[in-house]
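Chemist: Following this line is final-v1.txt, made up of compact mmCIF, C-alpha atoms:
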```txt
# COMPACT_ATOMS: atom_id res chain seq x y z
CA MET A 1 -35.99 52.81 45.13
CA ALA A 2 -34.14 51.60 42.04
CA LYS A 3 -32.39 53.50 39.25
CA ILE A 4 -34.01 52.49 35.94
CA LEU A 5 -33.28 53.44 32.32
CA ILE A 6 -36.01 53.24 29.65
CA ILE A 7 -34.69 52.99 26.06
CA GLU A 8 -37.71 53.36 23.77
CA ASP A 9 -38.25 55.40 20.58
CA ASP A 10 -42.05 55.61 21.03
CA ASN A 11 -42.72 58.72 23.15
CA LYS A 12 -46.13 57.51 24.39
CA ILE A 13 -44.87 54.10 25.59
CA ARG A 14 -41.86 55.77 27.20
CA ALA A 15 -44.15 58.19 29.05
CA ILE A 16 -46.45 55.36 30.24
CA LEU A 17 -43.53 53.29 31.54
CA LYS A 18 -42.02 56.31 33.28
CA GLU A 19 -45.32 57.10 34.99
CA ILE A 20 -45.77 53.51 36.19
CA LEU A 21 -42.20 53.37 37.54
CA GLU A 22 -42.27 56.78 39.20
CA GLU A 23 -45.47 55.83 41.01
CA LYS A 24 -43.31 53.12 42.64
CA GLU A 25 -40.84 55.89 43.59
CA HIS A 26 -38.08 54.68 41.27
CA ASP A 27 -35.47 57.04 39.80
CA VAL A 28 -36.22 56.92 36.04
CA GLN A 29 -34.16 58.17 33.10
CA GLU A 30 -35.04 57.97 29.40
CA ALA A 31 -33.36 57.54 26.02
CA ALA A 32 -35.09 57.87 22.62
CA ASP A 33 -32.80 55.51 20.69
CA GLY A 34 -30.26 52.73 21.21
CA GLN A 35 -27.19 54.89 20.73
CA GLU A 36 -28.28 57.44 23.35
CA GLY A 37 -29.34 54.61 25.66
CA PHE A 38 -25.96 52.87 25.47
CA LYS A 39 -24.15 56.14 26.29
CA LYS A 40 -26.34 56.56 29.39
CA LEU A 41 -25.68 52.95 30.42
CA GLU A 42 -21.94 53.63 30.23
CA GLN A 43 -22.25 56.79 32.31
CA GLY A 44 -24.80 55.73 34.93
CA ASN A 45 -25.00 52.83 37.34
CA PHE A 46 -28.52 51.55 36.54
CA ASP A 47 -30.18 48.70 38.42
CA LEU A 48 -32.44 47.90 35.47
CA CYS A 49 -32.79 48.76 31.78
CA ILE A 50 -36.10 48.39 29.92
CA CYS A 51 -35.13 48.32 26.26
CA ASP A 52 -37.13 48.16 23.02
CA ILE A 53 -35.80 46.07 20.11
CA LYS A 54 -36.74 48.02 16.97
CA MET A 55 -35.09 51.45 17.29
CA PRO A 56 -33.09 53.82 15.10
CA LYS A 57 -29.26 54.01 15.21
CA MET A 58 -28.89 50.88 17.34
CA ASP A 59 -31.43 48.13 18.03
CA GLY A 60 -32.17 46.74 21.48
CA LEU A 61 -30.34 43.43 21.07
CA GLU A 62 -27.21 45.30 19.98
CA VAL A 63 -27.49 47.54 23.06
CA LEU A 64 -27.82 44.43 25.23
CA GLU A 65 -24.85 42.72 23.59
CA LYS A 66 -22.61 45.80 23.84
CA ALA A 67 -23.60 46.32 27.49
CA LYS A 68 -22.66 42.74 28.41
CA GLU A 69 -19.35 43.03 26.52
CA ALA A 70 -18.59 46.28 28.38
CA GLY A 71 -19.22 44.58 31.74
CA ILE A 72 -22.32 46.69 32.52
CA SER A 73 -24.16 44.79 35.24
CA SER A 74 -27.67 46.28 34.74
CA ASN A 75 -30.43 43.71 34.30
CA PHE A 76 -32.29 44.02 30.99
CA ILE A 77 -35.98 43.58 30.22
CA ILE A 78 -36.35 43.50 26.44
CA ILE A 79 -39.68 44.70 24.97
CA SER A 80 -41.10 44.52 21.43
CA ALA A 81 -44.32 44.77 19.47
CA HIS A 82 -42.94 42.18 17.04
CA GLY A 83 -42.24 39.48 19.57
CA THR A 84 -41.70 35.88 18.56
CA ILE A 85 -40.39 32.92 20.50
CA ASP A 86 -37.15 33.11 18.49
CA VAL A 87 -36.63 36.77 19.41
CA ALA A 88 -37.35 36.05 23.10
CA VAL A 89 -34.92 33.12 23.14
CA GLU A 90 -32.21 35.20 21.44
CA ALA A 91 -32.69 38.03 23.97
CA VAL A 92 -32.35 35.67 26.94
CA LYS A 93 -29.30 33.99 25.34
CA LYS A 94 -27.64 37.40 25.05
CA GLY A 95 -28.21 37.98 28.76
CA ALA A 96 -31.66 39.59 29.11
CA PHE A 97 -33.52 38.86 32.34
CA ASP A 98 -36.86 38.58 30.51
CA PHE A 99 -38.77 39.47 27.34
CA LEU A 100 -42.14 41.25 27.26
CA GLN A 101 -44.41 41.77 24.26
CA LYS A 102 -46.31 45.00 23.57
CA PRO A 103 -49.00 45.90 24.48
CA PHE A 104 -48.06 45.08 28.07
CA ASP A 105 -50.08 43.08 30.50
CA LEU A 106 -49.62 45.40 33.51
CA GLY A 107 -49.76 42.50 35.96
CA ARG A 108 -47.02 40.63 34.10
CA LEU A 109 -44.98 43.83 33.79
CA GLU A 110 -45.16 44.45 37.54
CA ILE A 111 -44.12 40.86 38.40
CA THR A 112 -41.23 40.96 35.90
CA LEU A 113 -40.00 44.30 37.28
CA ARG A 114 -40.16 43.03 40.86
CA ASN A 115 -38.30 39.81 40.01
CA ALA A 116 -35.63 41.65 38.02
CA LEU A 117 -35.02 44.10 40.85
CA ASP A 118 -34.97 41.26 43.39
CA LYS A 119 -32.23 39.64 41.32
CA THR A 120 -30.31 42.93 41.16
CA ASN A 121 -30.53 43.30 44.96
CA LEU A 122 -29.40 39.71 45.46
CA VAL A 123 -26.37 40.24 43.21
CA LYS A 124 -25.50 43.44 45.11
CA GLU A 125 -25.82 41.68 48.47
CA THR A 126 -23.67 38.80 47.24
CA LYS A 127 -20.96 41.19 46.03
CA THR A 128 -21.04 43.06 49.34
CA LEU A 129 -20.80 39.81 51.28
CA LYS A 130 -17.90 38.61 49.13
CA LYS A 131 -16.09 41.90 49.74
CA LYS A 132 -16.62 41.52 53.49
CA ILE A 133 -15.36 37.94 53.40
CA SER A 134 -12.38 38.93 51.25
CA LYS A 135 -11.58 41.77 53.66
CA LYS A 136 -11.87 39.44 56.65
CA PHE A 137 -9.50 36.92 55.09
CA ASP A 138 -7.16 39.45 53.50
CA MET A 139 -3.48 38.54 53.41
CA ILE A 140 -1.77 41.36 55.26
CA GLY A 141 1.91 42.18 54.89
CA GLU A 142 4.52 43.79 52.64
CA SER A 143 7.61 41.85 53.76
CA THR A 144 9.64 39.94 51.17
CA PRO A 145 8.54 36.46 52.40
CA ILE A 146 4.82 37.31 52.28
CA ARG A 147 5.14 39.05 48.91
CA GLU A 148 6.71 35.88 47.54
CA VAL A 149 3.74 33.86 48.84
CA LYS A 150 1.28 36.29 47.23
CA GLU A 151 3.15 36.11 43.90
CA MET A 152 3.02 32.30 43.96
CA ILE A 153 -0.71 32.35 44.68
CA GLU A 154 -1.30 34.69 41.70
CA LYS A 155 0.59 32.31 39.40
CA VAL A 156 -0.77 29.03 40.73
CA ALA A 157 -4.41 29.84 41.50
CA PRO A 158 -5.72 30.06 37.89
CA THR A 159 -4.38 26.56 37.15
CA ASP A 160 -5.72 23.26 38.47
CA ALA A 161 -2.32 22.22 39.85
CA ARG A 162 -2.31 20.57 43.27
CA VAL A 163 -0.65 22.65 45.96
CA LEU A 164 1.05 21.66 49.20
CA VAL A 165 1.14 24.48 51.75
CA ASN A 166 3.85 24.08 54.36
CA GLY A 167 4.39 26.21 57.45
CA PRO A 168 4.28 26.30 61.25
CA ASN A 169 1.05 26.27 63.26
CA GLY A 170 -0.80 29.58 63.26
CA SER A 171 1.12 31.02 60.29
CA GLY A 172 -1.87 31.26 57.92
CA LYS A 173 -1.84 28.07 55.83
CA GLU A 174 -5.65 28.02 55.69
CA LEU A 175 -5.60 31.61 54.43
CA VAL A 176 -3.31 30.62 51.56
CA ALA A 177 -5.66 27.76 50.62
CA ARG A 178 -8.65 30.10 50.71
CA TRP A 179 -6.95 32.63 48.40
CA ILE A 180 -5.90 29.90 45.96
CA HIS A 181 -9.58 28.93 45.76
CA GLU A 182 -10.89 32.52 45.54
CA LYS A 183 -8.52 33.40 42.69
CA SER A 184 -9.13 30.16 40.78
CA LYS A 185 -11.60 29.27 38.03
CA ARG A 186 -13.38 27.20 40.71
CA ALA A 187 -14.20 30.23 42.89
CA ASP A 188 -17.95 29.81 42.25
CA GLY A 189 -17.72 26.21 43.46
CA PRO A 190 -17.42 25.10 47.09
CA LEU A 191 -14.31 25.25 49.27
CA VAL A 192 -14.55 22.21 51.54
CA GLU A 193 -12.14 21.98 54.47
CA VAL A 194 -11.09 18.81 56.30
CA ASN A 195 -8.89 18.88 59.39
CA CYS A 196 -7.20 15.49 59.10
CA ALA A 197 -5.74 15.77 62.62
CA ALA A 198 -9.15 16.31 64.25
CA ILE A 199 -10.84 13.20 62.79
CA PRO A 200 -10.14 9.77 64.33
CA SER A 201 -8.29 7.44 61.95
CA GLU A 202 -11.22 4.98 61.87
CA LEU A 203 -13.57 7.74 60.64
CA ILE A 204 -11.35 9.63 58.19
CA GLU A 205 -12.25 7.40 55.20
CA SER A 206 -15.96 7.86 55.81
CA GLU A 207 -15.41 11.62 56.19
CA LEU A 208 -13.52 11.89 52.91
CA PHE A 209 -15.33 9.37 50.72
CA GLY A 210 -18.74 9.00 52.38
CA HIS A 211 -20.47 5.75 53.28
CA GLU A 212 -23.46 3.65 52.32
CA LYS A 213 -26.29 2.87 54.70
CA GLY A 214 -25.44 -0.14 56.90
CA SER A 215 -21.74 -0.14 56.00
CA PHE A 216 -20.93 -0.04 59.74
CA THR A 217 -22.87 0.02 63.01
CA SER A 218 -23.68 3.75 63.18
CA ALA A 219 -24.22 4.16 59.40
CA ILE A 220 -28.01 4.56 59.61
CA LYS A 221 -28.21 6.39 56.26
CA GLN A 222 -26.11 7.13 53.21
CA ARG A 223 -23.66 10.01 53.61
CA LEU A 224 -21.73 11.96 50.99
CA GLY A 225 -18.03 12.46 51.66
CA LYS A 226 -15.97 15.64 51.34
CA PHE A 227 -14.71 14.67 47.87
CA GLU A 228 -18.28 14.63 46.55
CA LEU A 229 -19.26 17.78 48.45
CA ALA A 230 -16.31 19.62 46.88
CA GLU A 231 -17.40 18.76 43.32
CA ASN A 232 -16.28 21.49 40.87
CA GLY A 233 -14.56 23.26 43.75
CA THR A 234 -11.57 22.88 46.04
CA LEU A 235 -10.91 20.31 48.77
CA PHE A 236 -8.55 21.60 51.46
CA LEU A 237 -6.87 18.79 53.39
CA ASP A 238 -5.42 20.51 56.44
CA GLU A 239 -2.78 18.74 58.55
CA ILE A 240 -2.50 15.96 55.97
CA GLY A 241 0.66 14.76 57.69
CA ASP A 242 -1.59 13.30 60.41
CA MET A 243 -3.64 11.16 58.02
CA SER A 244 -3.48 7.36 58.48
CA LEU A 245 -1.58 5.29 55.89
CA SER A 246 -4.76 3.43 54.84
CA ALA A 247 -6.57 6.71 54.18
CA GLN A 248 -3.49 8.00 52.32
CA ALA A 249 -3.73 5.03 49.94
CA LYS A 250 -7.35 5.88 49.11
CA VAL A 251 -6.59 9.57 48.65
CA LEU A 252 -3.77 8.62 46.28
CA ARG A 253 -6.17 6.53 44.19
CA ALA A 254 -8.70 9.36 44.13
CA LEU A 255 -6.02 11.75 42.88
CA GLN A 256 -4.70 9.30 40.28
CA GLU A 257 -8.04 8.25 38.82
CA SER A 258 -10.41 11.10 39.85
CA LYS A 259 -12.68 8.36 41.21
CA ILE A 260 -13.80 7.39 44.70
CA SER A 261 -15.88 4.66 46.30
CA ARG A 262 -17.98 5.22 49.41
CA VAL A 263 -17.23 3.03 52.43
CA GLY A 264 -19.35 -0.11 52.06
CA GLY A 265 -20.10 0.61 48.41
CA ASP A 266 -18.94 -0.95 45.14
CA LYS A 267 -19.90 1.87 42.80
CA GLU A 268 -17.11 4.10 41.48
CA ILE A 269 -17.97 7.80 41.52
CA THR A 270 -16.12 10.24 39.25
CA VAL A 271 -15.13 13.47 41.02
CA ASN A 272 -13.88 16.80 39.68
CA VAL A 273 -12.01 18.35 42.60
CA ARG A 274 -8.87 20.40 43.04
CA VAL A 275 -6.91 19.35 46.13
CA VAL A 276 -4.89 21.76 48.25
CA ALA A 277 -3.14 20.17 51.21
CA ALA A 278 -1.36 21.72 54.20
CA THR A 279 0.92 20.50 56.95
CA ASN A 280 3.29 21.78 59.62
CA LYS A 281 5.36 18.60 59.36
CA ASP A 282 8.43 17.82 57.28
CA LEU A 283 6.82 15.26 54.98
CA ARG A 284 10.17 14.08 53.60
CA LYS A 285 11.19 13.13 57.12
CA GLU A 286 7.78 11.45 57.61
CA ILE A 287 8.45 9.45 54.42
CA GLU A 288 11.84 8.30 55.73
CA GLU A 289 10.16 7.09 58.92
CA ASN A 290 7.40 5.30 56.94
CA ARG A 291 4.61 7.51 58.24
CA PHE A 292 3.77 9.13 54.91
CA ARG A 293 3.54 7.69 51.41
CA GLU A 294 6.17 9.04 49.01
CA ASP A 295 3.89 8.52 45.99
CA LEU A 296 1.14 10.60 47.65
CA TYR A 297 3.67 13.31 48.52
CA HIS A 298 4.65 13.65 44.85
CA ARG A 299 0.98 13.75 43.82
CA LEU A 300 0.23 16.55 46.29
CA SER A 301 3.36 18.66 45.87
CA VAL A 302 3.13 19.76 42.25
CA ILE A 303 3.55 23.25 43.74
CA VAL A 304 4.90 23.81 47.27
CA ILE A 305 4.16 27.12 49.01
CA LYS A 306 6.09 27.76 52.22
CA VAL A 307 4.32 30.13 54.59
CA PRO A 308 6.80 32.09 56.72
CA ALA A 309 6.72 32.13 60.50
CA LEU A 310 5.86 35.51 62.05
CA ASN A 311 9.42 35.70 63.45
CA ASP A 312 10.63 35.77 59.82
CA ARG A 313 8.37 38.69 58.87
CA LYS A 314 8.31 40.91 61.95
CA GLU A 315 8.20 44.05 59.76
CA ASP A 316 4.56 43.08 59.04
CA ILE A 317 3.55 43.32 62.71
CA PRO A 318 2.39 47.00 62.53
CA LEU A 319 0.06 46.22 59.59
CA LEU A 320 -1.21 43.03 61.22
CA ALA A 321 -1.83 44.80 64.54
CA GLU A 322 -3.82 47.55 62.79
CA LYS A 323 -5.96 44.97 60.99
CA PHE A 324 -6.64 43.04 64.19
CA LEU A 325 -7.54 46.26 66.05
CA GLN A 326 -10.10 47.06 63.35
CA ASP A 327 -11.46 43.48 63.22
CA ILE A 328 -11.87 43.36 66.98
CA ALA A 329 -13.56 46.78 67.05
CA ASP A 330 -16.01 45.57 64.38
CA GLU A 331 -16.72 42.35 66.28
CA TYR A 332 -17.28 44.16 69.58
CA GLY A 333 -19.22 47.03 68.00
CA ALA A 334 -16.81 49.45 69.66
CA ARG A 335 -14.50 52.27 68.63
CA LYS A 336 -11.14 51.10 67.29
CA LYS A 337 -8.30 51.51 69.80
CA THR A 338 -4.89 52.86 68.81
CA ILE A 339 -1.45 51.45 69.53
CA ASN A 340 1.61 53.67 69.91
CA ALA A 341 5.02 53.20 68.26
CA LYS A 342 6.77 51.98 71.42
CA ALA A 343 4.12 49.32 71.92
CA ILE A 344 4.67 48.14 68.34
CA THR A 345 8.42 47.98 68.97
CA GLN A 346 7.74 45.89 72.08
CA LEU A 347 5.59 43.50 70.02
CA LYS A 348 8.39 43.15 67.46
CA GLU A 349 10.82 42.07 70.16
CA HIS A 350 8.63 39.14 71.23
CA ASN A 351 9.37 35.56 70.14
CA TRP A 352 6.15 34.61 68.31
CA THR A 353 6.10 30.83 68.64
CA GLY A 354 2.33 30.83 67.99
CA ASN A 355 2.71 33.04 64.91
CA ILE A 356 -0.23 35.08 63.52
CA ARG A 357 -2.76 33.29 65.71
CA GLU A 358 -0.80 34.23 68.84
CA LEU A 359 -0.49 37.88 67.70
CA ARG A 360 -4.23 38.08 67.09
CA ASN A 361 -4.96 36.72 70.58
CA VAL A 362 -2.48 39.15 72.16
CA VAL A 363 -4.03 42.14 70.36
CA GLU A 364 -7.50 41.10 71.54
CA ARG A 365 -6.18 40.78 75.11
CA LEU A 366 -4.63 44.25 74.86
CA VAL A 367 -7.89 45.72 73.54
CA ILE A 368 -9.78 44.28 76.51
CA MET A 369 -7.26 45.19 79.21
CA SER A 370 -5.88 48.55 77.98
CA GLY A 371 -7.19 52.10 77.70
CA ASP A 372 -8.02 53.93 74.47
CA GLU A 373 -4.34 53.84 73.46
CA ILE A 374 -2.30 50.66 73.87
CA THR A 375 1.11 51.55 75.30
CA GLN A 376 4.46 49.84 75.75
CA ASP A 377 3.65 49.28 79.42
CA ASP A 378 0.40 47.54 78.43
CA VAL A 379 2.33 45.19 76.14
CA LYS A 380 4.90 44.42 78.85
CA LYS A 381 2.12 43.77 81.36
CA TYR A 382 -0.25 41.64 79.28
CA LEU A 383 1.98 39.96 76.70
```
Would you encode the structure as structure tokens?

Modeler:
Amino acid sequence: MAKILIIEDDNKIRAILKEILEEKEHDVQEAADGQEGFKKLEQGNFDLCICDIKMPKMDGLEVLEKAKEAGISSNFIIISAHGTIDVAVEAVKKGAFDFLQKPFDLGRLEITLRNALDKTNLVKETKTLKKKISKKFDMIGESTPIREVKEMIEKVAPTDARVLVNGPNGSGKELVARWIHEKSKRADGPLVEVNCAAIPSELIESELFGHEKGSFTSAIKQRLGKFELAENGTLFLDEIGDMSLSAQAKVLRALQESKISRVGGDKEITVNVRVVAATNKDLRKEIEENRFREDLYHRLSVIVIKVPALNDRKEDIPLLAEKFLQDIADEYGARKKTINAKAITQLKEHNWTGNIRELRNVVERLVIMSGDEITQDDVKKYL
């Protein structure tokens, strides 16, 4: 069942539409002119609005335009007895889902309604999914170091500046990269992740830039690289300190010229990609020892974000533990367990060499091995 608003000054047409929609068990409201209709749109959360064009006080296209400006998400089906191609095009340009001419073809009306509501449901599902993803990857903590990281993300994300994320293993570097992408103008584009440490040096160039068929023994077909797959989005190069020098040279060229060439290919391909890199290494020391290119370092480190170790933000442990308890309960389909204050104190006293990842694993272990409430004794026993 959908919530639908009919804005139509003709009483008979309004009554017919209402009858058709209520037969489908939709919740239907009415407005006799554009001004009344717009007020109802502002007050109610409608899935769909069926709106006439020629009406007193405010015409249908003005209602549509004002609704879009106000951020009202309802889909619009514009209707008119004076329909022309120009009017239909203008309605769609202003954001209408479709345009129907009076008198209605009932078959066409039914299909248009179904498609419009399908789109509304898809948008709702997408928003719900994004909220779930955002919640899953939320950056938890109120300590000074983590607040500084959040502030930097807010400033940097809307730009296209390259970012180098530095921090120890398990501290949340990938999370920082994800939030930079989610808060950027590229959020609707892809976020493509490459773990440079996990790919053998002889394959990293093919992974990043793709290859042409026959360019080497196992290249049985053409393959697009991560740079191309990240077009109009963000490419996250994790553990870039482990990348080979030859691959570094090609990445540098790609960043300088916004162009790549597939392995075994001569054609230059223009790419539009924002690069965020991460490492747990001291790249300046790597440069001194000739393991990392200084020119690439300066290309990547327009902005440097340092992610704190968990030992430097232990006041965030209670919030992190609560989040992990909830996440684990959701994953297991079980009731969330509690953790008492003494157990939290015990967790704070631990030396977290594995950082957030280690804490998450410990909380999961405690959930499995402890009773309904996790106690200090449980932490001492299983930590």

Chemist: Can you pull out the residues contacting stretch 250-256 of chain A? Cut-off 10 Å, using all atoms listed in the file, and skip same-chain residues under 5 positions away; I want them as a ChimeraX atom specification.

Modeler: /A:162,205,208-209,227,243,245,261,269-275,293,295-300

Chemist: Go ahead and save the residues from that selection, with C-alpha atoms, as a PDB file, in the frame of the given file.

Modeler:
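As a result, again19.pdb now contains:
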```
ATOM      1  CA  ARG A 162      -2.310  20.570  43.270  1.00  0.00           C
ATOM      2  CA  GLU A 205     -12.250   7.400  55.200  1.00  0.00           C
ATOM      3  CA  LEU A 208     -13.520  11.890  52.910  1.00  0.00           C
ATOM      4  CA  PHE A 209     -15.330   9.370  50.720  1.00  0.00           C
ATOM      5  CA  PHE A 227     -14.710  14.670  47.870  1.00  0.00           C
ATOM      6  CA  MET A 243      -3.640  11.160  58.020  1.00  0.00           C
ATOM      7  CA  LEU A 245      -1.580   5.290  55.890  1.00  0.00           C
ATOM      8  CA  SER A 261     -15.880   4.660  46.300  1.00  0.00           C
ATOM      9  CA  ILE A 269     -17.970   7.800  41.520  1.00  0.00           C
ATOM     10  CA  THR A 270     -16.120  10.240  39.250  1.00  0.00           C
ATOM     11  CA  VAL A 271     -15.130  13.470  41.020  1.00  0.00           C
ATOM     12  CA  ASN A 272     -13.880  16.800  39.680  1.00  0.00           C
ATOM     13  CA  VAL A 273     -12.010  18.350  42.600  1.00  0.00           C
ATOM     14  CA  ARG A 274      -8.870  20.400  43.040  1.00  0.00           C
ATOM     15  CA  VAL A 275      -6.910  19.350  46.130  1.00  0.00           C
ATOM     16  CA  ARG A 293       3.540   7.690  51.410  1.00  0.00           C
ATOM     17  CA  ASP A 295       3.890   8.520  45.990  1.00  0.00           C
ATOM     18  CA  LEU A 296       1.140  10.600  47.650  1.00  0.00           C
ATOM     19  CA  TYR A 297       3.670  13.310  48.520  1.00  0.00           C
ATOM     20  CA  HIS A 298       4.650  13.650  44.850  1.00  0.00           C
ATOM     21  CA  ARG A 299       0.980  13.750  43.820  1.00  0.00           C
ATOM     22  CA  LEU A 300       0.230  16.550  46.290  1.00  0.00           C
TER      23      LEU A 300
END
```

Chemist: Residues at most 12 Å from A:Lys119, counting only C-alpha atoms, excluding those fewer than 4 positions away in the same chain, as an NGL selection string?

Modeler: :A and (47-48 or 73-76 or 97-98 or 112-115 or 123-126)

Chemist: Counting only C-alpha atoms, which residues of stretch 98-123 of chain A sit at most 12 Å from some atom of stretch 11-19 of chain A, and what is each one's closest atom pair with its distance in Å to one decimal, listed by chain and rising residue number, as a Markdown table?

Modeler:
```
| residue | atom | partner | partner_atom | distance |
| --- | --- | --- | --- | --- |
| A:Lys102 | CA | A:Ile13 | CA | 9.4 |
| A:Pro103 | CA | A:Ile13 | CA | 9.2 |
| A:Phe104 | CA | A:Ile13 | CA | 9.9 |
| A:Leu106 | CA | A:Leu17 | CA | 10.2 |
| A:Leu109 | CA | A:Leu17 | CA | 9.8 |
| A:Glu110 | CA | A:Leu17 | CA | 10.8 |
| A:Leu113 | CA | A:Leu17 | CA | 11.2 |
```

Chemist: Hey, which of A:Glu90, A:Glu364, A:Glu148, A:Glu142 ends up closest to A:Glu315? Count all atoms listed in the file.

Modeler: A:Glu142

Chemist: Of the residues A:Ile4, A:Leu117, A:Val363, A:Ile79, which is the one nearest to A:Phe99, using all atoms listed in the file?

Modeler: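 So, comparing all the options, the nearest one is A:Ile79.
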
Chemist: Please, what distance in Å, to one decimal, runs between atom CA of A:Arg313 and atom CA of A:Arg147?

Modeler: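 Atom CA of A:Arg147 lies at a distance of 10.5 Å from atom CA of A:Arg313.
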
Chemist: In Å, how far is it from atom CA of A:Ala249 to atom CA of A:Asn232?

Modeler: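 Computing it gives 22.6 Å between the two atoms.
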
Chemist: Atom CA of A:Trp179 and atom CA of A:Pro318, how far apart in Å?

Modeler: 22.2 Å

Chemist: Within 8 Å of A:Glu358, counting all atoms listed in the file, which residues show up once you throw out same-chain ones fewer than 5 positions away? Write them as a VMD selection string, please.

Modeler: chain A and resid 170 352 to 353

Chemist: Using only C-alpha atoms, pick whichever of A:Leu229, A:Val156, A:Val149, A:Leu122 has the shortest atom-to-atom distance to A:Pro190.

Modeler: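 Ranking A:Leu229, A:Val156, A:Val149, A:Leu122 by distance to A:Pro190, first place goes to A:Leu229.
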
Chemist: Would you kindly return, as a VMD selection string, each protein, DNA or RNA residue with an atom no farther than 8 Å from any atom of A:Asn355, considering all atoms listed in the file and excluding same-chain residues fewer than 3 positions away?

Modeler: chain A and resid 168 to 171 309 to 311 352 358 to 359

Chemist: With distances taken over all atoms listed in the file, which of A:Lys281, A:Lys314, A:Lys337, A:His350 is nearest to A:Gly141?

Modeler: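 Checking each of A:Lys281, A:Lys314, A:Lys337, A:His350 against A:Gly141, counting all atoms listed in the file, the winner is A:Lys314.
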
Chemist: Edge lengths and centre in Å to one decimal, as JSON, of the axis-aligned box that encloses all listed atoms of stretch 135-150 of chain A with 4 Å added on every side?

Modeler:
```
{"center_x": -1.1, "center_y": 38.8, "center_z": 51.9, "size_x": 29.5, "size_y": 17.9, "size_z": 17.4}
```

Chemist: Let me make sure I understand: among A:Ala187, A:Ile53, A:Ile77, A:Val163, which one has the smallest atom-to-atom distance to A:Ala116 if we use all atoms listed in the file?

Modeler: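 For A:Ala116, the nearest of the given residues is A:Ile77.
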
Chemist: Give me, as a list in words, all polymer residues having an atom no more than 7 Å from A:His181, counting all atoms listed in the file and skipping those fewer than 3 positions away in the same chain.

Modeler: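 Contacts, with the query itself left out: Ala157, Ala177, Arg178, Ser184, Arg186, Ala187, Leu191 and Thr234 of chain A.
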
Chemist: Using all atoms listed in the file, which residue out of A:Leu325, A:Ile287, A:Leu224, A:Ala197 lies closest to A:Ile374?

Modeler: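 Ranking A:Leu325, A:Ile287, A:Leu224, A:Ala197 by distance to A:Ile374, first place goes to A:Leu325.
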
Chemist: With stretch 27-31 of chain A as the partner and 12 Å as the cut-off, tabulate the residues of stretch 58-151 of chain A that qualify, each row holding the nearest pair of atoms and their distance in Å to one decimal, using only C-alpha atoms, sorted by chain and rising number, as a tab-separated table.

Modeler:
```
residue	atom	partner	partner_atom	distance
A:Met58	CA	A:Ala31	CA	11.8
A:Gly60	CA	A:Ala31	CA	11.8
A:Val63	CA	A:Ala31	CA	12.0
```
